[in-house]
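Taking it in order: structure first as structure tokens, then the write-up.
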Amino acid sequence: MSAHIDPGFRSAESLNDEFGGALWQRFSDPILSHSQPDKEWLSRLQTGRDRHSLAVSMKRLVVRTIPGRPEHRLPRRRIIRGRYICAVALILLAAAASYHFLRPPDAPPPDQAVRPPQADEQPAVLSLDYPDSFEFRSNYMNRFIVKSHTVRAGETFEQVFENLGLSSGLAQQVEKSCRGSDCPVQLKPDDEMTVYVSRQDHEPVRFVLSAVSGPTFSLLRTGDNWISRNDGDLPVPFTSTLRGAYSDNFYDSCIGAGLPAELIPDLGDIFSWDMDINFDLQDGDTFIVHFEELVKRGRKAPGGRILAAEMSAGSRRIQAFLYELPDGSKEYFDAKGASLRKQFLKSPLYFRRVISATSYKPLRPVLKIYRPHLGVDYAAPKGTPVSSVGEGTVSILGRNPRNGRFIEISHKGGYKTFYGQLSGYGKNIRKGSKVAQGEVIGLVGTTDSGTAPFLDFRMTRNGKPVNYLRTDFPPVQTLPRAQRQDFEKQRDAFLAVLKPPASVDSRASSTQSSEP
């Protein structure tokens with residue numbers, strides 16, 4: 001009976017020879033063959049002795065080289081190769097993550113792809129696929145015809161729409177929409193109206209009303225109606241401070257110092273209860289003004305105001321500080337909290353009325369002739385406006401050979417003022433009429449052609465003449481103690497602005513010290 005031998009079977013002798021050769025190569029390594037027992041086994045294997053103990057030697061050697069044992073050492077090449085593999089794996093992982101987050105969106109499915117509009121379809125209102133905001137705006141504006149109009153004094157909605165080439169019916173619709181919202185119905189000079197007309201059907205789709213001293217409103221079309229929207233865009237305030245000196249006339253002095261023309265009458269109003277702007281100032285008198293201007297969309301807007309001012313006339317120095325009262329009204333007070341507004345103006349030739357009647361030109365010639373205990377004659381060009389110095393009632397209005405046309409007004413406290421040598425009366429002025437302080441009641445004139453025009457002004461109290469130019473009338477109000485602390489805080493801030501620069505002070509002190 002013959003035995004069946006597996007072709008893959010290997011005899012013990014062949015295995016011993018193979019493992020012996022492997023062991024010889026392993027122990028021939030000077031690093032691994034470092035122990036004395038290993039050297040003895042190696043010599044025995046080389047001489048062919050003790051082949052029977054080969055299996056035990058193999059087992060011992062294999063155990064001594066298992067990873068994790070203290071005797072095990074990995075080759076440096078194998079360690080470096082492992083590090084390279086880890087680095088490459090991390091780089092590939094980072095690249096995959098970056099691609100996932102930064103890749104462009106996938107193209108839409110075929111059924112959702114953008115297709116051009118068909119002949120019976122309306123084109124899209126607006127496309128947002130633009131490289132930048134400039135192209136976006138350019139494409140938007142190309143869809144409309146834009147027209148603008150600056151409102152003139154006295155213009156209405158219908159007149160503005162007519163200038164824009166639009167119908168009066170459309171103007172009535174827009175005006176009706178404004179009445180039900182915050183959009184102003186009364187247009188003011190320098191307001192700007194802009195209309196957007198569609199190029200497709202040539203119908204207006206949007207109006208923009210930019211109030212010169214207020215917000216901007218948009219009117220959008222929804223069917224046959226218009227919806228108003230407040231877009232804000234309020235004017236931005238800017239403050240400035242200037243210093244000037246009086247020379248020749250007040251108006252030109254203010255212009256030369258840099259004060260806006262529209263604020264010059266306001267400056268005259270502030271001090272009109274304490275000095276006569278037309279007559280009391282002399283060359284060399286100084287003024288300081290801290291004022292606020294409004295700017296909207298890069299251009300100057302009306303509505304500026306004077307926040308604080310100082311006027312020095314001779315030895316007198318008058319300061320004014322704007323302060324808002326609890327009821328919302330605003331008034332100018334002096335440094336002690338007393339109002340600058342008094343019962344009577346300092347002159348019947350109210351600077352605001354005079355300067356506006358002469359188209360912001362200085363009043364020349366202007367002279368005062370004093371009549372002790374009787375009154376003052378003001379020499380002025382014929383037609384110069386004459387204003388009531390205080391609130392009152394017209395008690396007499398007539399004419400006689402001595403005084404020509406004249407008016408007498410009764411005031412509180414037993415005061416009466418007389419205005420003679422008038423060339424005419426103010427609008428709606430008649431006996432019994434109520435007049436306000438500063439209201440125009442007549443015009444400067446003369447009794448005959450041989451006399452220069454002048455105003456004969458007088459004041460009496462309880463029938464006795466009053467030296468008007470030398471009388472200081474009390475203020476109409478004084479700040480209560482509860483508001484004094486807040487007022488003083490704002491006053492101190494304004495005083496810091498009105499204070500002359502250090503260089504000016506040093507020059508003034510050096511000049512005084514050099515004088516003998």
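In the structure tokens, the first chain shown is A, the next is B, and so on; residue numbers restart at 1 for each chain, and ligands run from 1 in the order shown.
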
*Contacts of segment 210-225 of chain A at 12 Å or less, counting only C-alpha atoms, minus same-chain residues fewer than 4 places along, as a VMD selection string?*
chain A and resid 148 to 152 169 to 178 181 to 198 203 to 206 229 to 237 293 to 304

Write out as an mmCIF file with all heavy atoms, in the first residue's frame the residues lying within 12 Å of Ala482 of chain A, counting only C-alpha atoms and excluding same-chain residues fewer than 6 positions away.
```cif
data_model
loop_
_atom_site.group_PDB
_atom_site.id
_atom_site.type_symbol
_atom_site.label_atom_id
_atom_site.label_comp_id
_atom_site.auth_asym_id
_atom_site.auth_seq_id
_atom_site.Cartn_x
_atom_site.Cartn_y
_atom_site.Cartn_z
ATOM 1 N N LEU A 325 -36.514 125.058 25.279
ATOM 2 C CA LEU A 325 -37.344 125.006 26.479
ATOM 3 C C LEU A 325 -38.111 123.692 26.529
ATOM 4 O O LEU A 325 -38.233 122.976 25.517
ATOM 5 C CB LEU A 325 -38.299 126.196 26.490
ATOM 6 C CG LEU A 325 -37.622 127.567 26.500
ATOM 7 C CD1 LEU A 325 -38.644 128.676 26.320
ATOM 8 C CD2 LEU A 325 -36.842 127.765 27.787
ATOM 9 N N PRO A 326 -38.654 123.323 27.701
ATOM 10 C CA PRO A 326 -39.383 122.045 27.818
ATOM 11 C C PRO A 326 -40.553 121.900 26.858
ATOM 12 O O PRO A 326 -40.909 120.790 26.476
ATOM 13 C CB PRO A 326 -39.851 122.056 29.283
ATOM 14 C CG PRO A 326 -38.865 122.918 29.987
ATOM 15 C CD PRO A 326 -38.489 123.982 29.010
ATOM 16 N N GLY A 337 -28.971 133.557 31.971
ATOM 17 C CA GLY A 337 -30.238 132.858 31.806
ATOM 18 C C GLY A 337 -31.420 133.757 31.558
ATOM 19 O O GLY A 337 -32.571 133.296 31.643
ATOM 20 N N GLU A 488 -26.677 125.994 31.884
ATOM 21 C CA GLU A 488 -25.286 126.372 32.137
ATOM 22 C C GLU A 488 -24.313 125.371 31.522
ATOM 23 O O GLU A 488 -23.216 125.753 31.080
ATOM 24 C CB GLU A 488 -25.057 126.494 33.639
ATOM 25 C CG GLU A 488 -25.772 127.690 34.266
ATOM 26 C CD GLU A 488 -25.594 127.731 35.766
ATOM 27 O OE1 GLU A 488 -25.050 126.744 36.326
ATOM 28 O OE2 GLU A 488 -25.996 128.736 36.393
#
```

*Apply DSSP to the structure's backbone, then extract all residues of segment 243-303 of chain A labelled alpha helix (DSSP H) and return them as a PyMOL selection string.*
chain A and resi 250-257+264-270

Expected file: the selected residues, N, CA, C and O atoms, as a PDB file, in the first residue's frame:
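Dumped everything to result.pdb:
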```pdb
ATOM      1  N   PHE A 250     -23.204 146.528   8.181  1.00  0.00           N
ATOM      2  CA  PHE A 250     -23.254 145.240   8.849  1.00  0.00           C
ATOM      3  C   PHE A 250     -23.332 144.085   7.850  1.00  0.00           C
ATOM      4  O   PHE A 250     -22.692 143.045   8.033  1.00  0.00           O
ATOM      5  N   TYR A 251     -24.095 144.241   6.808  1.00  0.00           N
ATOM      6  CA  TYR A 251     -24.291 143.152   5.849  1.00  0.00           C
ATOM      7  C   TYR A 251     -22.970 142.769   5.182  1.00  0.00           C
ATOM      8  O   TYR A 251     -22.586 141.597   5.167  1.00  0.00           O
ATOM      9  N   ASP A 252     -22.258 143.745   4.629  1.00  0.00           N
ATOM     10  CA  ASP A 252     -20.995 143.444   3.954  1.00  0.00           C
ATOM     11  C   ASP A 252     -19.954 142.912   4.930  1.00  0.00           C
ATOM     12  O   ASP A 252     -19.107 142.082   4.564  1.00  0.00           O
ATOM     13  N   SER A 253     -19.996 143.369   6.186  1.00  0.00           N
ATOM     14  CA  SER A 253     -19.052 142.870   7.188  1.00  0.00           C
ATOM     15  C   SER A 253     -19.280 141.389   7.459  1.00  0.00           C
ATOM     16  O   SER A 253     -18.329 140.617   7.603  1.00  0.00           O
ATOM     17  N   CYS A 254     -20.543 140.983   7.533  1.00  0.00           N
ATOM     18  CA  CYS A 254     -20.853 139.572   7.769  1.00  0.00           C
ATOM     19  C   CYS A 254     -20.470 138.717   6.565  1.00  0.00           C
ATOM     20  O   CYS A 254     -19.930 137.614   6.722  1.00  0.00           O
ATOM     21  N   ILE A 255     -20.736 139.203   5.372  1.00  0.00           N
ATOM     22  CA  ILE A 255     -20.363 138.461   4.167  1.00  0.00           C
ATOM     23  C   ILE A 255     -18.850 138.300   4.094  1.00  0.00           C
ATOM     24  O   ILE A 255     -18.327 137.224   3.763  1.00  0.00           O
ATOM     25  N   GLY A 256     -18.121 139.368   4.418  1.00  0.00           N
ATOM     26  CA  GLY A 256     -16.670 139.288   4.386  1.00  0.00           C
ATOM     27  C   GLY A 256     -16.105 138.309   5.400  1.00  0.00           C
ATOM     28  O   GLY A 256     -15.055 137.699   5.169  1.00  0.00           O
ATOM     29  N   ALA A 257     -16.807 138.135   6.529  1.00  0.00           N
ATOM     30  CA  ALA A 257     -16.345 137.196   7.554  1.00  0.00           C
ATOM     31  C   ALA A 257     -16.693 135.753   7.216  1.00  0.00           C
ATOM     32  O   ALA A 257     -16.150 134.837   7.843  1.00  0.00           O
ATOM     33  N   ILE A 264     -27.698 136.299   8.116  1.00  0.00           N
ATOM     34  CA  ILE A 264     -27.421 137.670   8.548  1.00  0.00           C
ATOM     35  C   ILE A 264     -28.643 138.313   9.194  1.00  0.00           C
ATOM     36  O   ILE A 264     -28.520 138.931  10.270  1.00  0.00           O
ATOM     37  N   PRO A 265     -29.859 138.213   8.613  1.00  0.00           N
ATOM     38  CA  PRO A 265     -31.022 138.760   9.332  1.00  0.00           C
ATOM     39  C   PRO A 265     -31.251 138.092  10.691  1.00  0.00           C
ATOM     40  O   PRO A 265     -31.681 138.760  11.640  1.00  0.00           O
ATOM     41  N   ASP A 266     -30.948 136.789  10.801  1.00  0.00           N
ATOM     42  CA  ASP A 266     -31.105 136.117  12.094  1.00  0.00           C
ATOM     43  C   ASP A 266     -30.156 136.702  13.130  1.00  0.00           C
ATOM     44  O   ASP A 266     -30.530 136.881  14.298  1.00  0.00           O
ATOM     45  N   LEU A 267     -28.924 137.001  12.705  1.00  0.00           N
ATOM     46  CA  LEU A 267     -27.973 137.602  13.633  1.00  0.00           C
ATOM     47  C   LEU A 267     -28.453 138.982  14.076  1.00  0.00           C
ATOM     48  O   LEU A 267     -28.326 139.355  15.250  1.00  0.00           O
ATOM     49  N   GLY A 268     -29.015 139.744  13.142  1.00  0.00           N
ATOM     50  CA  GLY A 268     -29.565 141.042  13.514  1.00  0.00           C
ATOM     51  C   GLY A 268     -30.744 140.915  14.458  1.00  0.00           C
ATOM     52  O   GLY A 268     -30.907 141.726  15.384  1.00  0.00           O
ATOM     53  N   ASP A 269     -31.584 139.878  14.249  1.00  0.00           N
ATOM     54  CA  ASP A 269     -32.732 139.667  15.132  1.00  0.00           C
ATOM     55  C   ASP A 269     -32.302 139.402  16.570  1.00  0.00           C
ATOM     56  O   ASP A 269     -32.936 139.872  17.527  1.00  0.00           O
ATOM     57  N   ILE A 270     -31.237 138.605  16.734  1.00  0.00           N
ATOM     58  CA  ILE A 270     -30.812 138.196  18.075  1.00  0.00           C
ATOM     59  C   ILE A 270     -30.501 139.406  18.945  1.00  0.00           C
ATOM     60  O   ILE A 270     -30.869 139.459  20.124  1.00  0.00           O
TER      61      ILE A 270
END
```

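Every protein or nucleic acid residue with an atom no more than 12 Å from Asp472 of chain A, counting only C-alpha atoms and leaving out same-chain residues fewer than 5 positions away, appears here: Trp273, Asp274, Met275, Leu340, Arg341, Lys342, Gln343, Phe344, Leu345, Lys346, Val466 and Asn467 of chain A.
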
Kindly save the residues from that selection, with N, CA, C and O atoms included, as an mmCIF file, in the first residue's frame.
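File written: part-v3.cif
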```cif
data_model
loop_
_atom_site.group_PDB
_atom_site.id
_atom_site.type_symbol
_atom_site.label_atom_id
_atom_site.label_comp_id
_atom_site.auth_asym_id
_atom_site.auth_seq_id
_atom_site.Cartn_x
_atom_site.Cartn_y
_atom_site.Cartn_z
ATOM 1 N N TRP A 273 -33.054 143.662 20.225
ATOM 2 C CA TRP A 273 -33.677 144.212 21.429
ATOM 3 C C TRP A 273 -32.675 144.992 22.278
ATOM 4 O O TRP A 273 -33.060 145.691 23.202
ATOM 5 N N ASP A 274 -31.366 144.835 21.987
ATOM 6 C CA ASP A 274 -30.338 145.483 22.802
ATOM 7 C C ASP A 274 -29.557 146.545 22.051
ATOM 8 O O ASP A 274 -28.918 147.390 22.674
ATOM 9 N N MET A 275 -29.557 146.512 20.745
ATOM 10 C CA MET A 275 -28.834 147.520 19.972
ATOM 11 C C MET A 275 -29.495 147.702 18.617
ATOM 12 O O MET A 275 -30.215 146.820 18.131
ATOM 13 N N LEU A 340 -33.076 137.293 25.725
ATOM 14 C CA LEU A 340 -32.722 138.516 25.010
ATOM 15 C C LEU A 340 -33.948 139.208 24.430
ATOM 16 O O LEU A 340 -33.879 140.389 24.059
ATOM 17 N N ARG A 341 -35.048 138.483 24.348
ATOM 18 C CA ARG A 341 -36.275 139.070 23.801
ATOM 19 C C ARG A 341 -36.926 139.961 24.863
ATOM 20 O O ARG A 341 -37.126 139.551 26.007
ATOM 21 N N LYS A 342 -37.269 141.177 24.445
ATOM 22 C CA LYS A 342 -37.860 142.152 25.363
ATOM 23 C C LYS A 342 -39.168 142.678 24.794
ATOM 24 O O LYS A 342 -39.578 142.312 23.685
ATOM 25 N N GLN A 343 -39.816 143.550 25.546
ATOM 26 C CA GLN A 343 -41.129 144.039 25.129
ATOM 27 C C GLN A 343 -41.037 144.884 23.871
ATOM 28 O O GLN A 343 -41.942 144.859 23.034
ATOM 29 N N PHE A 344 -39.916 145.622 23.700
ATOM 30 C CA PHE A 344 -39.791 146.527 22.557
ATOM 31 C C PHE A 344 -38.459 146.312 21.848
ATOM 32 O O PHE A 344 -37.429 146.063 22.499
ATOM 33 N N LEU A 345 -38.497 146.459 20.529
ATOM 34 C CA LEU A 345 -37.272 146.453 19.738
ATOM 35 C C LEU A 345 -36.496 147.741 19.983
ATOM 36 O O LEU A 345 -37.049 148.746 20.468
ATOM 37 N N LYS A 346 -35.238 147.720 19.625
ATOM 38 C CA LYS A 346 -34.401 148.890 19.842
ATOM 39 C C LYS A 346 -34.614 149.951 18.783
ATOM 40 O O LYS A 346 -34.243 151.125 18.979
ATOM 41 N N VAL A 466 -40.883 159.356 26.682
ATOM 42 C CA VAL A 466 -39.874 158.389 27.127
ATOM 43 C C VAL A 466 -38.652 158.536 26.237
ATOM 44 O O VAL A 466 -38.780 158.601 25.004
ATOM 45 N N ASN A 467 -37.459 158.643 26.871
ATOM 46 C CA ASN A 467 -36.216 158.666 26.107
ATOM 47 C C ASN A 467 -35.944 157.233 25.630
ATOM 48 O O ASN A 467 -35.323 156.439 26.315
#
```

*Residues near segment 416-418 of chain A, cut-off 12 Å, only C-alpha atoms, skip fewer than 5 positions along chain, as a PyMOL selection string*: chain A and resi 344-345+347-348+374-377+386-398+403+405-411+441-442+455-468

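Take the candidates A:Glu331, A:Phe207, A:Gly314, A:Leu498 and check each one against Ser240 of chain A using only C-alpha atoms; the shortest distance goes to A:Leu498.
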
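Between atom CA of Phe454 of chain A and atom CA of Pro475 of chain A the interatomic distance comes to 29.6 Å.
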
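Rounded to one decimal, atom CA of Leu259 of chain A and atom CA of Asp486 of chain A lie 28.4 Å from each other.
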
*So which bits of segment 156-299 of chain A end up strand (DSSP E or B) when you DSSP the backbone, as a VMD selection string?*
chain A and resid 192 to 198 204 to 210 216 to 222 225 to 232 236 to 245 247 249 286 to 296 299

*One decimal, Å: what's the distance from atom CA of Val440 of chain A over to atom CA of Phe271 of chain A, could you say?*
18.7 Å

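Among the candidate residues A:Ala245, A:Ser167, A:Ser272, A:Val289, the one lying nearest to Pro260 of chain A is A:Val289, with distances computed using only C-alpha atoms.
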